[in-house]
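Heads up, protein.cif below (mmCIF, C-alpha atoms):
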```cif
data_data
#
loop_
_atom_site.label_atom_id
_atom_site.label_comp_id
_atom_site.auth_asym_id
_atom_site.auth_seq_id
_atom_site.Cartn_x
_atom_site.Cartn_y
_atom_site.Cartn_z
CA MET A 1 0.00 0.00 0.00
CA ILE A 2 1.34 3.40 -0.99
CA LEU A 3 1.01 5.79 1.92
CA LYS A 4 1.54 9.55 2.00
CA THR A 5 1.43 9.43 5.81
CA LEU A 6 1.89 6.68 8.36
CA VAL A 7 -1.85 6.60 9.05
CA VAL A 8 -3.58 3.63 7.44
CA ASP A 9 -7.31 3.61 6.82
CA ALA A 10 -8.69 0.42 8.34
CA LYS A 11 -11.20 -0.18 5.55
CA GLU A 12 -8.53 0.18 2.89
CA LEU A 13 -6.23 -2.10 4.86
CA GLU A 14 -8.87 -4.80 5.01
CA ARG A 15 -9.75 -4.47 1.36
CA ARG A 16 -6.14 -4.67 0.28
CA THR A 17 -4.73 -7.23 2.73
CA GLY A 18 -7.64 -9.05 4.29
CA TRP A 19 -6.63 -7.85 7.76
CA GLY A 20 -9.59 -6.34 9.63
CA ILE A 21 -9.12 -4.10 12.65
CA LYS A 22 -11.35 -5.26 15.49
CA PRO A 23 -11.41 -4.61 19.24
CA GLU A 24 -9.40 -7.80 19.75
CA GLY A 25 -6.73 -6.68 17.30
CA ALA A 26 -5.85 -7.20 13.65
CA CYS A 27 -7.70 -10.26 12.38
CA LYS A 28 -7.44 -12.34 9.22
CA GLY A 29 -9.33 -15.55 8.91
CA GLU A 30 -9.03 -17.28 12.25
CA VAL A 31 -5.93 -15.37 13.31
CA CYS A 32 -6.04 -12.26 15.48
CA VAL A 33 -2.96 -10.30 16.50
CA PRO A 34 -3.33 -7.96 19.49
CA LEU A 35 -2.62 -4.30 18.84
CA PRO A 36 -1.71 -1.57 21.33
CA THR A 37 -4.69 -0.59 23.45
CA MET A 38 -4.74 2.97 22.10
CA THR A 39 -5.31 1.68 18.57
CA GLY A 40 -8.64 2.75 17.14
CA THR A 41 -10.65 0.68 14.69
CA SER A 42 -10.87 3.22 11.84
CA GLN A 43 -7.19 4.14 11.50
CA VAL A 44 -3.97 2.39 12.41
CA ASP A 45 -0.35 3.48 12.57
CA ALA A 46 1.58 1.75 9.80
CA ARG A 47 4.53 1.24 12.12
CA VAL A 48 2.34 -0.78 14.46
CA LEU A 49 1.18 -2.98 11.59
CA ALA A 50 4.73 -3.41 10.36
CA GLU A 51 5.87 -4.57 13.77
CA ARG A 52 2.92 -6.69 14.82
CA LEU A 53 2.11 -8.27 11.42
CA SER A 54 5.66 -8.51 10.05
CA MET A 55 4.82 -6.24 7.14
CA PRO A 56 7.74 -4.46 5.46
CA LEU A 57 7.46 -0.68 5.69
CA LEU A 58 9.63 1.14 3.17
CA HIS A 59 10.22 4.86 2.87
CA ASP A 60 11.47 6.80 -0.09
CA GLU A 61 13.13 9.72 1.65
CA VAL A 62 13.44 11.91 -1.43
CA TYR A 63 9.75 11.93 -2.26
CA ASP A 64 8.57 11.20 1.31
CA VAL A 65 6.30 8.34 0.35
CA TRP A 66 5.85 5.06 2.18
CA CYS A 67 4.88 1.58 1.10
CA LEU A 68 3.46 -1.01 3.48
CA GLY A 69 3.97 -4.47 2.06
CA PRO A 70 2.20 -7.79 2.69
CA GLU A 71 2.82 -9.75 5.85
CA ALA A 72 5.85 -12.02 5.71
CA GLY A 73 5.78 -15.70 6.55
CA GLY A 74 3.79 -18.62 5.31
CA ARG A 75 2.48 -18.45 1.79
CA VAL A 76 0.99 -15.79 -0.45
CA LEU A 77 -2.38 -17.53 -0.20
CA SER A 78 -3.19 -18.18 3.44
CA GLY A 79 -6.56 -19.46 2.32
CA ALA A 80 -8.36 -20.23 -0.94
CA VAL A 81 -10.82 -17.34 -0.79
CA LEU A 82 -10.11 -14.98 -3.67
CA PRO A 83 -8.85 -11.63 -2.38
CA ASP A 84 -11.06 -8.64 -3.12
CA ILE A 85 -9.38 -7.58 -6.34
CA VAL A 86 -10.59 -4.38 -8.01
CA LEU A 87 -8.75 -3.18 -11.10
CA PRO A 88 -9.53 -0.71 -13.89
CA ASP A 89 -10.43 -1.50 -17.47
CA LEU A 90 -9.00 0.25 -20.49
CA GLU A 91 -11.19 3.30 -19.84
CA GLY A 92 -10.25 3.51 -16.18
CA ASN A 93 -13.53 2.11 -14.89
CA PRO A 94 -12.98 -0.06 -11.81
CA PHE A 95 -14.06 -3.69 -12.05
CA ALA A 96 -14.36 -5.93 -9.02
CA LEU A 97 -13.77 -9.62 -9.58
CA ARG A 98 -16.49 -10.32 -7.02
CA GLU A 99 -18.97 -9.20 -9.70
CA LEU A 100 -18.29 -12.54 -11.39
CA ARG A 101 -19.57 -14.56 -8.43
CA GLY A 102 -21.82 -17.32 -9.75
CA GLN A 103 -19.57 -18.15 -12.71
CA LYS A 104 -16.41 -20.13 -13.04
CA VAL A 105 -13.60 -17.71 -13.76
CA LEU A 106 -10.31 -18.18 -15.55
CA LEU A 107 -8.11 -15.26 -14.60
CA VAL A 108 -5.24 -14.81 -17.05
CA ALA A 109 -2.34 -12.57 -16.11
CA TRP A 110 -0.46 -11.42 -19.20
CA ALA A 111 1.78 -8.59 -20.36
CA SER A 112 2.57 -6.74 -23.56
CA TRP A 113 6.23 -6.92 -22.73
CA MET B 1 -5.94 -16.00 -27.96
CA TRP B 2 -8.50 -16.66 -25.26
CA GLN B 3 -11.47 -15.10 -27.00
CA THR B 4 -12.13 -18.20 -29.11
CA LEU B 5 -12.19 -20.45 -26.07
CA ARG B 6 -14.34 -17.97 -24.24
CA SER B 7 -16.91 -18.11 -27.00
CA GLU B 8 -17.07 -21.87 -26.61
CA TRP B 9 -17.11 -22.02 -22.82
CA HIS B 10 -19.02 -18.95 -21.74
CA PRO B 11 -22.40 -20.62 -22.43
CA GLN B 12 -21.20 -23.38 -20.08
CA GLY B 13 -20.68 -20.95 -17.24
CA LEU B 14 -17.07 -19.86 -17.62
CA GLU B 15 -15.93 -16.27 -17.78
CA ILE B 16 -12.40 -15.24 -18.68
CA VAL B 17 -10.79 -12.18 -17.16
CA THR B 18 -7.52 -11.02 -18.64
CA ILE B 19 -5.34 -8.78 -16.54
CA ALA B 20 -2.38 -6.97 -18.07
CA LEU B 21 0.51 -6.47 -15.70
CA ASP B 22 1.82 -3.23 -17.13
CA THR B 23 3.02 -0.29 -15.11
CA ALA B 24 2.85 1.83 -18.26
CA GLY B 25 -0.91 1.49 -18.11
CA ALA B 26 -3.74 1.77 -20.61
CA GLU B 27 -1.85 3.36 -23.46
CA ALA B 28 0.75 0.57 -23.43
CA VAL B 29 -1.80 -2.23 -23.58
CA ARG B 30 -4.50 -0.51 -25.66
CA PRO B 31 -3.21 -1.74 -29.06
CA TRP B 32 -3.16 -5.30 -27.81
CA MET B 33 -6.58 -5.16 -26.21
CA GLU B 34 -8.21 -3.47 -29.17
CA ALA B 35 -6.72 -6.01 -31.54
CA ALA B 36 -8.17 -8.82 -29.44
CA HIS B 37 -11.70 -7.37 -29.38
CA PRO B 38 -12.50 -9.21 -26.14
CA ASP B 39 -16.04 -9.81 -24.95
CA HIS B 40 -14.74 -10.51 -21.47
CA PRO B 41 -13.46 -8.17 -18.76
CA SER B 42 -9.98 -6.95 -19.65
CA LEU B 43 -8.24 -5.17 -16.82
CA ILE B 44 -4.94 -3.47 -16.10
CA ASP B 45 -2.72 -4.04 -13.07
CA GLN B 46 -0.09 -1.31 -13.10
CA ALA B 47 1.29 -2.18 -9.68
CA HIS B 48 1.56 -5.93 -10.36
CA LEU B 49 -0.75 -6.49 -7.41
CA LEU B 50 -1.45 -10.00 -8.66
CA ASP B 51 2.10 -10.90 -7.62
CA GLU B 52 1.43 -9.80 -4.05
CA LEU B 53 -2.15 -11.00 -3.81
CA LEU B 54 -2.02 -14.28 -5.73
CA GLY B 55 1.66 -15.19 -6.12
CA VAL B 56 2.08 -14.51 -9.84
CA VAL B 57 5.80 -14.40 -10.79
CA ASN B 58 5.62 -14.78 -14.56
CA VAL B 59 3.21 -14.39 -17.46
CA PRO B 60 1.05 -15.70 -18.86
CA ASN B 61 -0.36 -17.29 -15.71
CA GLY B 62 -3.83 -18.67 -15.11
CA VAL B 63 -5.84 -18.82 -11.88
CA TRP B 64 -9.07 -20.78 -11.61
CA ILE B 65 -11.87 -19.43 -9.40
CA ASP B 66 -15.13 -21.25 -8.77
CA GLU B 67 -18.65 -19.91 -8.57
CA GLN B 68 -18.33 -19.21 -4.85
CA GLY B 69 -15.21 -17.10 -5.27
CA MET B 70 -12.83 -19.84 -4.13
CA ILE B 71 -9.51 -20.33 -5.89
CA VAL B 72 -9.32 -23.91 -7.13
CA ARG B 73 -5.98 -23.58 -8.95
CA PRO B 74 -3.34 -21.00 -7.92
CA PRO B 75 -1.14 -19.24 -10.52
CA GLU B 76 0.53 -21.51 -13.08
CA PRO B 77 1.65 -21.16 -16.70
CA ALA B 78 -1.38 -20.77 -18.97
CA TYR B 79 -1.13 -20.85 -22.75
CA PRO B 80 -4.23 -21.51 -24.83
CA ARG B 81 -2.07 -22.82 -27.64
CA ARG B 82 1.55 -22.97 -28.62
CA PRO B 83 2.52 -19.53 -29.98
CA THR B 84 4.65 -19.31 -33.08
CA SER B 85 7.64 -18.03 -31.12
CA LEU B 86 7.73 -21.19 -29.01
CA ARG B 87 7.52 -23.64 -31.87
CA ARG B 88 10.72 -25.46 -32.62
CA LEU B 89 12.24 -24.65 -35.98
CA ASP B 90 14.69 -26.57 -38.05
CA PRO B 91 18.04 -25.55 -36.51
CA ALA B 92 19.68 -25.97 -39.86
CA ARG B 93 17.50 -23.29 -41.37
CA GLN B 94 19.33 -19.99 -41.58
CA ASP B 95 17.90 -16.81 -43.01
CA LEU B 96 21.24 -15.05 -42.84
CA VAL B 97 24.80 -16.25 -42.64
CA GLU B 98 26.11 -15.77 -39.12
CA GLY B 99 28.84 -13.43 -40.24
CA GLU B 100 26.32 -11.12 -41.92
CA LEU B 101 24.38 -10.44 -38.74
CA SER B 102 24.48 -7.11 -36.96
CA PRO B 103 24.89 -7.26 -33.18
CA GLN B 104 21.16 -6.63 -32.82
CA GLN B 105 20.29 -9.38 -35.28
CA ARG B 106 22.68 -11.77 -33.60
CA ARG B 107 21.15 -11.08 -30.23
CA ALA B 108 17.65 -11.46 -31.62
CA ARG B 109 18.65 -14.85 -33.01
CA GLU B 110 20.08 -15.85 -29.64
CA VAL B 111 16.88 -14.76 -27.91
CA ARG B 112 14.79 -16.78 -30.37
CA ALA B 113 16.98 -19.81 -29.78
CA GLU B 114 16.36 -19.61 -26.03
CA VAL B 115 12.65 -18.91 -26.46
CA ARG B 116 12.29 -22.13 -28.44
CA LYS B 117 13.70 -24.10 -25.51
CA ILE B 118 11.00 -22.84 -23.15
CA ARG B 119 8.70 -25.64 -22.06
CA ILE B 120 4.97 -25.10 -22.11
CA GLU B 121 2.08 -27.56 -22.12
CA PRO B 122 -0.93 -25.82 -23.67
CA GLU B 123 -2.62 -29.01 -24.80
CA ALA B 124 -2.65 -30.49 -21.32
CA TYR B 125 -3.72 -27.20 -19.75
CA ILE B 126 -6.63 -26.72 -22.12
CA ALA B 127 -7.76 -30.30 -21.62
CA ALA B 128 -7.77 -29.76 -17.86
CA LEU B 129 -9.63 -26.49 -18.25
CA ARG B 130 -12.20 -28.15 -20.48
CA ASP B 131 -12.72 -30.85 -17.87
CA TRP B 132 -13.27 -28.27 -15.14
CA VAL B 133 -15.72 -26.29 -17.25
CA ALA B 134 -17.73 -29.46 -17.83
CA ASN B 135 -17.48 -31.03 -14.38
CA GLY B 136 -16.88 -28.20 -11.93
CA ALA B 137 -15.99 -29.30 -8.41
CA ALA B 138 -16.09 -32.94 -9.55
CA SER B 139 -13.15 -32.31 -11.88
CA ARG B 140 -9.94 -33.82 -10.59
CA TYR B 141 -8.19 -30.64 -11.68
CA ALA B 142 -10.16 -28.51 -9.18
CA LEU B 143 -8.02 -28.48 -6.05
CA VAL B 144 -9.22 -28.45 -2.46
CA PRO B 145 -8.35 -25.35 -0.40
CA ASP B 146 -5.52 -27.00 1.50
CA GLU B 147 -3.86 -28.00 -1.76
CA VAL B 148 -4.35 -24.51 -3.20
CA THR B 149 -2.54 -22.96 -0.25
CA ARG B 150 0.14 -25.67 -0.25
CA ARG B 151 0.93 -24.93 -3.89
CA SER B 152 0.88 -21.17 -3.30
CA HIS B 153 4.16 -19.28 -3.55
CA ALA B 154 6.06 -19.02 -0.28
CA ARG B 155 6.41 -15.54 1.19
CA PRO B 156 9.49 -15.25 3.37
CA PRO B 157 10.47 -11.73 4.52
CA GLU B 158 12.48 -11.02 1.38
CA VAL B 159 9.53 -11.78 -0.90
CA ALA B 160 7.27 -9.53 1.17
CA GLU B 161 9.85 -6.77 0.95
CA ALA B 162 10.21 -7.36 -2.80
CA ALA B 163 6.50 -6.69 -3.22
CA ALA B 164 6.76 -3.44 -1.27
CA SER B 165 9.90 -2.43 -3.17
CA PHE B 166 8.29 -3.01 -6.53
CA GLU B 167 5.11 -1.19 -5.56
CA LEU B 168 7.14 1.81 -4.45
CA GLY B 169 9.19 1.67 -7.64
CA GLN B 170 6.17 1.54 -9.93
CA TYR B 171 4.54 4.39 -8.02
CA LEU B 172 7.58 6.60 -8.51
CA GLN B 173 7.84 5.53 -12.16
CA ARG B 174 4.23 6.48 -12.81
CA GLU B 175 4.72 9.80 -11.04
CA GLY B 176 7.52 10.59 -13.49
CA HIS B 177 10.35 10.05 -11.00
CA THR B 178 12.03 7.45 -13.14
CA ASP B 179 15.49 7.77 -11.60
CA ALA B 180 14.04 7.40 -8.12
CA ALA B 181 12.21 4.24 -9.18
CA VAL B 182 15.37 2.40 -10.19
CA PRO B 183 16.78 1.57 -6.72
CA TRP B 184 13.40 0.17 -5.67
CA PHE B 185 13.15 -1.97 -8.79
CA ARG B 186 16.70 -3.17 -8.23
CA ALA B 187 15.83 -4.06 -4.64
CA ALA B 188 12.80 -6.05 -5.80
CA HIS B 189 14.99 -7.97 -8.25
CA ARG B 190 17.58 -8.73 -5.58
CA LEU B 191 15.00 -9.79 -3.01
CA GLN B 192 12.96 -12.03 -5.30
CA PRO B 193 15.14 -13.11 -8.22
CA ASP B 194 12.59 -15.66 -9.44
CA ASN B 195 10.00 -12.95 -10.10
CA TRP B 196 10.08 -12.32 -13.83
CA THR B 197 7.34 -9.68 -13.86
CA TYR B 198 9.35 -7.43 -11.56
CA LYS B 199 12.46 -7.85 -13.68
CA ARG B 200 10.97 -7.62 -17.15
CA GLN B 201 8.75 -4.65 -16.29
CA ALA B 202 11.69 -2.61 -15.02
CA TRP B 203 13.91 -3.61 -17.96
CA THR B 204 11.33 -2.36 -20.46
CA PHE B 205 11.67 1.19 -19.12
CA VAL B 206 15.35 1.14 -20.07
CA ASP B 207 15.20 -1.03 -23.20
CA PRO B 208 11.99 -2.36 -24.77
CA GLU B 209 14.03 -5.33 -25.98
CA GLN B 210 15.08 -6.04 -22.36
CA GLY B 211 18.70 -6.29 -23.42
CA PRO B 212 21.90 -5.54 -21.50
CA ASN B 213 21.98 -2.06 -20.01
CA GLU B 214 23.85 -0.02 -17.44
CA VAL B 215 20.89 0.45 -15.12
CA TYR B 216 20.09 -3.10 -14.09
CA ASP B 217 22.31 -6.08 -13.42
CA GLY B 218 20.35 -8.48 -15.58
CA ASP B 219 18.66 -8.77 -18.95
CA TRP B 220 16.30 -11.32 -20.41
CA LEU B 221 18.84 -13.38 -22.32
CA SER B 222 21.44 -13.51 -19.56
CA ASP B 223 18.94 -14.30 -16.83
CA VAL B 224 17.25 -17.03 -18.87
CA ARG B 225 20.59 -18.62 -19.68
CA THR B 226 21.49 -18.57 -16.00
CA ILE B 227 18.52 -20.70 -15.00
CA GLY B 228 18.14 -22.61 -18.27
CA ALA B 229 15.31 -21.75 -20.66
CA GLU B 230 13.64 -25.07 -19.91
CA ASN B 231 13.14 -23.77 -16.36
CA TYR B 232 11.58 -20.46 -17.36
CA TYR B 233 8.23 -21.87 -16.30
CA PRO B 234 7.73 -24.62 -13.74
CA PRO B 235 6.25 -27.82 -15.16
CA LEU B 236 2.46 -28.03 -14.91
CA ASP B 237 1.37 -30.08 -11.92
CA LEU B 238 -1.98 -31.34 -13.17
#
```
Rendering of file as structure tokens:
Amino acid sequence: MILKTLVVDAKELERRTGWGIKPEGACKGEVCVPLPTMTGTSQVDARVLAERLSMPLLHDEVYDVWCLGPEAGGRVLSGAVLPDIVLPDLEGNPFALRELRGQKVLLVAWASW
Amino acid sequence: MWQTLRSEWHPQGLEIVTIALDTAGAEAVRPWMEAAHPDHPSLIDQAHLLDELLGVVNVPNGVWIDEQGMIVRPPEPAYPRRPTSLRRLDPARQDLVEGELSPQQRRAREVRAEVRKIRIEPEAYIAALRDWVANGAASRYALVPDEVTRRSHARPPEVAEAAASFELGQYLQREGHTDAAVPWFRAAHRLQPDNWTYKRQAWTFVDPEQGPNEVYDGDWLSDVRTIGAENYYPPLDL
């Protein structure tokens, strides 16, 4: 996640990573990781997530922009549920893969290069 | 290439979604998409999020998702047919005498020679896909969740950091800070050397032919020769 500040919106975090912020902590599937008691449920400090969830937090000092990466450990797919992927079409219109629920889907990743 | 199969299988309940991993965005992929005239969703992933979210490391890769939104096959090589570039040619056939080749022509010939060694199995993949379309969860090619996660790409700390590095690099690239993007792309390459999308995407910003350059340590031909072209894709585990 590209961040202009170290404050992470909880809804965006959950949409992007699957980690939801609940009173008991950061939760994904059946796993919950306690967070500091002062942590709210709408915004979280990226440094807390980096430490507690083993997410890399990188900073480009020249352009003062951060990137919070995925949690390290285990495998890319911790479960078989398709992540909530939303990507634009050629015209920039967002398309959510969840719109295809009810059909079998073959997702093909390709590149012009 | 997939549109023909989509026409056959869509009435049977399959939809195809193509996703172009291209940091350069819509204008880079527009000619390709418009030439294909797809009826299916055709999306663009500038940040290569599919690498982070699904474990894609090369293209083309296919992921199967069932009607309930469950992944039943994680990323694996997916060709609908054998493209011309991967068909073996008579090695004795020479269009030009070796000594008449320019350096660019010689390199292009060397690239083609390696490309022809790349192993793909489109016939087996399409047969498996056809079986799944017809039989759904009863198909032996539809994997149970535990097997999907077992086959998923491992994510040790360096792979997680590679994803963050690449995302930061592509962000800076798209913002026009191309010099600033380079160290982040280089970091991604160093941290996850088996990720071809991170490497090839960055190389294209220096040389569309992904040849040797002074910006990055690798290039397509050298890196493929290092691992052996026959290992460019893992064998299909059907």
Determine the residue membership of the PyMOL selection byres ((chain A and resi 112) around 10) for the file above and supply it as a ChimeraX atom specification. /A:110-111,113 /B:20-22,28-33,59,201
Saved selection, atoms kept: C-alpha atoms, as a CSV table (one decimal), keeping the file's coordinate frame:
```
chain,number,residue,atom,x,y,z
A,110,TRP,CA,-0.5,-11.4,-19.2
A,111,ALA,CA,1.8,-8.6,-20.4
A,113,TRP,CA,6.2,-6.9,-22.7
B,20,ALA,CA,-2.4,-7.0,-18.1
B,21,LEU,CA,0.5,-6.5,-15.7
B,22,ASP,CA,1.8,-3.2,-17.1
B,28,ALA,CA,0.8,0.6,-23.4
B,29,VAL,CA,-1.8,-2.2,-23.6
B,30,ARG,CA,-4.5,-0.5,-25.7
B,31,PRO,CA,-3.2,-1.7,-29.1
B,32,TRP,CA,-3.2,-5.3,-27.8
B,33,MET,CA,-6.6,-5.2,-26.2
B,59,VAL,CA,3.2,-14.4,-17.5
B,201,GLN,CA,8.8,-4.6,-16.3
```
Nearby residues (all atoms listed in the file) at most 8 Å from Cys67 (chain A), same-chain spacing under 3 positions excluded, as a list of chain:residue names: A:Met1, A:Ile2, A:Leu3, A:Pro56, A:Leu57, A:Leu58, A:His59, B:Ala164, B:Ser165, B:Glu167, B:Leu168
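Atom pair CA of Tyr79 (chain B) / CA of Pro122 (chain B): separated by 5.1 Å.
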Let me know the residues the PyMOL selection byres ((chain A) within 9 of (chain B)) catches in the file above, as a ChimeraX atom specification. /A:1-2,16-17,54-60,62-63,65-83,85,87-92,94-95,97-98,100-113
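Note that CA of Asn93 (chain A) and CA of Glu14 (chain A) are 21.6 Å apart.
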Ground truth for the PyMOL selection byres ((chain B and resi 114-121) around 6), written as a ChimeraX atom specification: /B:86,88,111-113,122-124,229-230
